[in-house]
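Participant: Take a look at the following structure, please.
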Amino acid sequence: MKIDFANLQTQYQKYKSDIDANIHAVLKQSNYIMGDQVKQLERELSLFTGAKYTITCSNGSDALLLALMAIDIKPGDEIITTPFTFISTAESIASLKAKPVFVDIEKDTFNIDANQIEAVITEKTKGIMPVSLFGQPADMQVIQNIAQKHNLKVIIDGAQSFGSTYNGKTDSNLGNISTTSFFPSKPFGCYGDGGAVFTNNDKFAEKIKMLRVHGQNKRYHYKHIGMGGRLDTIQAAILLAKLPHYKKELEERERVAKNYSNELKSSIILPTIRSNRSGVWAQYTVRVNNRDEVQKKLQDNGIPTAIYYPVPLHLQECLKYLNYKKADFPAAEEASKLVLSLPMNAYLSEDNISYITKTLNNI
Ligand SMILES: *Cc1c(COP(=O)(O)O)cnc(C)c1O
């Protein structure tokens, strides 16, 4: 049996007629930049998430940058975040010459340990950037309370979590500003690069819209230093074709995750979703002691896996100047040694899942 990790080909074949029609409509109109489809997508994403404003953009990394620029992050400012995430989270902070300040993660959810945040707040702290890792929001109530008490902004890196909820609200609708990525293999992906910023705040929305087009407030008049950060119309058209199917896709991802959890043996540590949250299963990530051996044996049996993430950010070469060292964040470091993400997509059959779990259980 040959298993596909994200199975983007099956997805395309499933929605092909709508996707092709939408792409051709853009070609016919030649409205490649900021076409009507971009505006329509923004309206529909706001309806889907409940966020008052959706500002689509070039990718999930630029979405974070736009959010930080909107709250006026300056060199020397500090943003508290997690070391167990994709590089963009800290990169966005560092590229504005602000300082990523890490705190360790919760062992079971892999998300920032909200109870360790207050200890690292200084007078330079301007914000907290939790990541909804693998599709599950962090402990937003605790984070929100800390932010309020210390007058900090909360920016959620929701690159992996479009559609996830915390106490019934989507994570695009929590915090001051939230982001997502439409990278093809994310739960809600386009067929190239794409991203979005969400906010309920009028001022932030207005500024982010300007920042996305070089800080322009009137044609060829520039109020802020911004960026060329728009989403292509073709990518918006693809997302419009996929959006009506997304709820169903999430149900299917939930089915796959449930079956994995029911079928895997007890020595494998399963992912946990807290009771007040829903995740979108960007990844189904287990922890195993003999990870390298397990990964190789699965590979030999036609089962692809991935390691998100093998090196936590505080130990990355590009962030050496922050002077963190080994053992600073034991939970993140342990996770990076044990985690293994199994194939996850809406099209894994029951047969696929039992083949994967049987193979894994027998290693
Ligand atoms: C994918 C990802 C990003 C970046 O998104 P791009 O669209 O690839 O720029 C940022 N943060 C996290 C946690 C991600 O997983």
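Simple scheme: letters A, B, ... for chains in structure tokens order, numbers from 1 for residues in each chain, numbers from 1 for ligands in the order shown.
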Find the residues around Ser46 in chain A up to 10 Å (only C-alpha atoms counted), leave out those fewer than 3 positions away in its own chain, and share them as JSON, numbers by chain.

Facilitator: {"A": [40, 41, 42, 43, 49, 50, 51, 52, 53, 54, 55, 172, 173, 198, 199, 200]}

Participant: Could you list, as a list in words, all protein and nucleic acid residues with an atom at most 7 Å from ligand 1, counting only C-alpha atoms and all ligand atoms?

Facilitator: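 Sorted by chain and then by number, the residues are Asn59, Gly60, Ser61, Asp62, Thr85, Phe86, Ile87, Ser88, Thr89, Val131, Leu133, Asp157, Gly158, Ala159, Gln160, Ser181, Phe182, Phe183, Asp193, Gly194 and Gly195 of chain A.
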
Participant: Identify, on the basis of only C-alpha atoms, every residue whose closest approach to range 91-106 of chain A does not exceed 8 Å; exclude the query and any residue fewer than 2 positions from it along the same chain; express the result as a PyMOL selection string.

Facilitator: chain A and resi 61-62+64-65+68+73-84+87-89+108-113+116-117+120+314+322+329-332

Participant: Mind checking DSSP for range 90-213 of chain A and telling me the strand (DSSP E or B) residues as a VMD selection string?

Facilitator: chain A and resid 99 to 102 105 112 125 to 129 131 153 to 157 165 to 166 169 to 170 177 to 181 195 to 199 213

Participant: Take CA of Tyr32 in chain A and CA of Leu47 in chain A and report the distance between them in Å, one decimal.

Facilitator: 23.9 Å

Participant: Excluding Gly163 in chain A and any residue of its chain fewer than 2 positions from it, enumerate the residues within 7 Å of it, using only C-alpha atoms, and give them as an MDAnalysis selection string.

Facilitator: chainID A and resid 49 161 165 170 280

Participant: Could the residues in this selection be saved with N, CA, C and O atoms as a PDB file, in the first residue's frame?

Facilitator:
```
ATOM      1  N   THR A  49     -15.146  32.858   9.864  1.00  0.00           N
ATOM      2  CA  THR A  49     -14.410  32.925  11.139  1.00  0.00           C
ATOM      3  C   THR A  49     -15.130  33.748  12.195  1.00  0.00           C
ATOM      4  O   THR A  49     -14.853  33.612  13.382  1.00  0.00           O
ATOM      5  N   SER A 161      -4.085  26.628  11.805  1.00  0.00           N
ATOM      6  CA  SER A 161      -5.301  26.370  12.589  1.00  0.00           C
ATOM      7  C   SER A 161      -6.562  27.015  12.046  1.00  0.00           C
ATOM      8  O   SER A 161      -7.498  27.252  12.809  1.00  0.00           O
ATOM      9  N   THR A 165     -11.258  26.282  17.148  1.00  0.00           N
ATOM     10  CA  THR A 165     -11.996  27.110  18.112  1.00  0.00           C
ATOM     11  C   THR A 165     -11.472  26.955  19.538  1.00  0.00           C
ATOM     12  O   THR A 165     -10.867  25.944  19.902  1.00  0.00           O
ATOM     13  N   THR A 170     -13.672  31.055  16.855  1.00  0.00           N
ATOM     14  CA  THR A 170     -12.531  30.643  16.038  1.00  0.00           C
ATOM     15  C   THR A 170     -11.290  31.410  16.481  1.00  0.00           C
ATOM     16  O   THR A 170     -11.391  32.530  16.989  1.00  0.00           O
ATOM     17  N   VAL A 280      -7.893  21.538  14.124  1.00  0.00           N
ATOM     18  CA  VAL A 280      -8.207  21.197  12.731  1.00  0.00           C
ATOM     19  C   VAL A 280      -7.242  20.139  12.190  1.00  0.00           C
ATOM     20  O   VAL A 280      -7.232  19.863  11.005  1.00  0.00           O
TER      21      VAL A 280
END
```

Participant: Hey, what's within 10 Å of Tyr355 in chain A if we count only C-alpha atoms and toss same-chain stuff fewer than 5 positions away? As a PDB file with N, CA and C atoms, in the first residue's frame, please?

Facilitator:
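Saved as around_7.pdb:
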```pdb
ATOM      1  N   MET A   1       0.845  -1.211   0.000  1.00  0.00           N
ATOM      2  CA  MET A   1       0.000   0.000   0.000  1.00  0.00           C
ATOM      3  C   MET A   1       0.874   1.253   0.000  1.00  0.00           C
ATOM      4  N   ILE A   3       0.964   5.258   0.666  1.00  0.00           N
ATOM      5  CA  ILE A   3       0.191   6.291   1.374  1.00  0.00           C
ATOM      6  C   ILE A   3       0.739   7.669   1.019  1.00  0.00           C
ATOM      7  N   ASN A 301       7.830   0.751   4.602  1.00  0.00           N
ATOM      8  CA  ASN A 301       6.516   0.177   4.304  1.00  0.00           C
ATOM      9  C   ASN A 301       5.616   1.130   3.522  1.00  0.00           C
ATOM     10  N   ILE A 303       5.000   4.320   4.109  1.00  0.00           N
ATOM     11  CA  ILE A 303       4.243   5.286   4.922  1.00  0.00           C
ATOM     12  C   ILE A 303       5.116   6.522   5.199  1.00  0.00           C
ATOM     13  N   SER A 349      -8.435   6.383   3.794  1.00  0.00           N
ATOM     14  CA  SER A 349      -9.531   5.421   3.986  1.00  0.00           C
ATOM     15  C   SER A 349      -9.320   4.668   5.295  1.00  0.00           C
ATOM     16  N   GLU A 350     -10.361   3.944   5.728  1.00  0.00           N
ATOM     17  CA  GLU A 350     -10.225   3.100   6.920  1.00  0.00           C
ATOM     18  C   GLU A 350      -9.111   2.077   6.708  1.00  0.00           C
ATOM     19  N   LEU A 360       2.709   0.571  12.526  1.00  0.00           N
ATOM     20  CA  LEU A 360       3.334   1.301  13.638  1.00  0.00           C
ATOM     21  C   LEU A 360       3.293   0.493  14.928  1.00  0.00           C
ATOM     22  N   ASN A 361       2.161  -0.140  15.203  1.00  0.00           N
ATOM     23  CA  ASN A 361       2.034  -0.935  16.439  1.00  0.00           C
ATOM     24  C   ASN A 361       3.015  -2.102  16.481  1.00  0.00           C
TER      25      ASN A 361
END
```

Participant: Please, what distance in Å, to one decimal, runs between CA of Asp18 in chain A and CA of Lys242 in chain A?

Facilitator: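 Those two atoms sit 8.2 Å apart.
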
Participant: Any idea what the distance is between CA of Ala327 in chain A and CA of Ile269 in chain A?

Facilitator: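 Interatomic distance here is 22.1 Å.
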
Participant: Tell me, as a count of residues only, which residues lie within 12 Å of Pro304 in chain A, counting only C-alpha atoms; anything in the same chain fewer than 5 positions away does not count.

Facilitator: 20

Participant: Name all residues at most 10 Å from Asn345 in chain A (count only C-alpha atoms; drop same-chain ones fewer than 6 positions away) and give them as a PyMOL selection string.

Facilitator: chain A and resi 4-8+10-11+185-187+249-250+252-254+256-257+281-284

Participant: So, with only C-alpha atoms as the atoms that count, which of A:Val288, A:Asp171, A:Phe204, A:Glu123 lies closest to Ile268 in chain A?

Facilitator: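 Between A:Val288, A:Asp171, A:Phe204, A:Glu123, the residue approaching Ile268 in chain A most closely is A:Val288.
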
Participant: I need the residue nearest Leu239 in chain A from this list: A:Gly189, A:Pro312, A:Gly302, A:Gly175. Use only C-alpha atoms for the distance.

Facilitator: A:Gly189
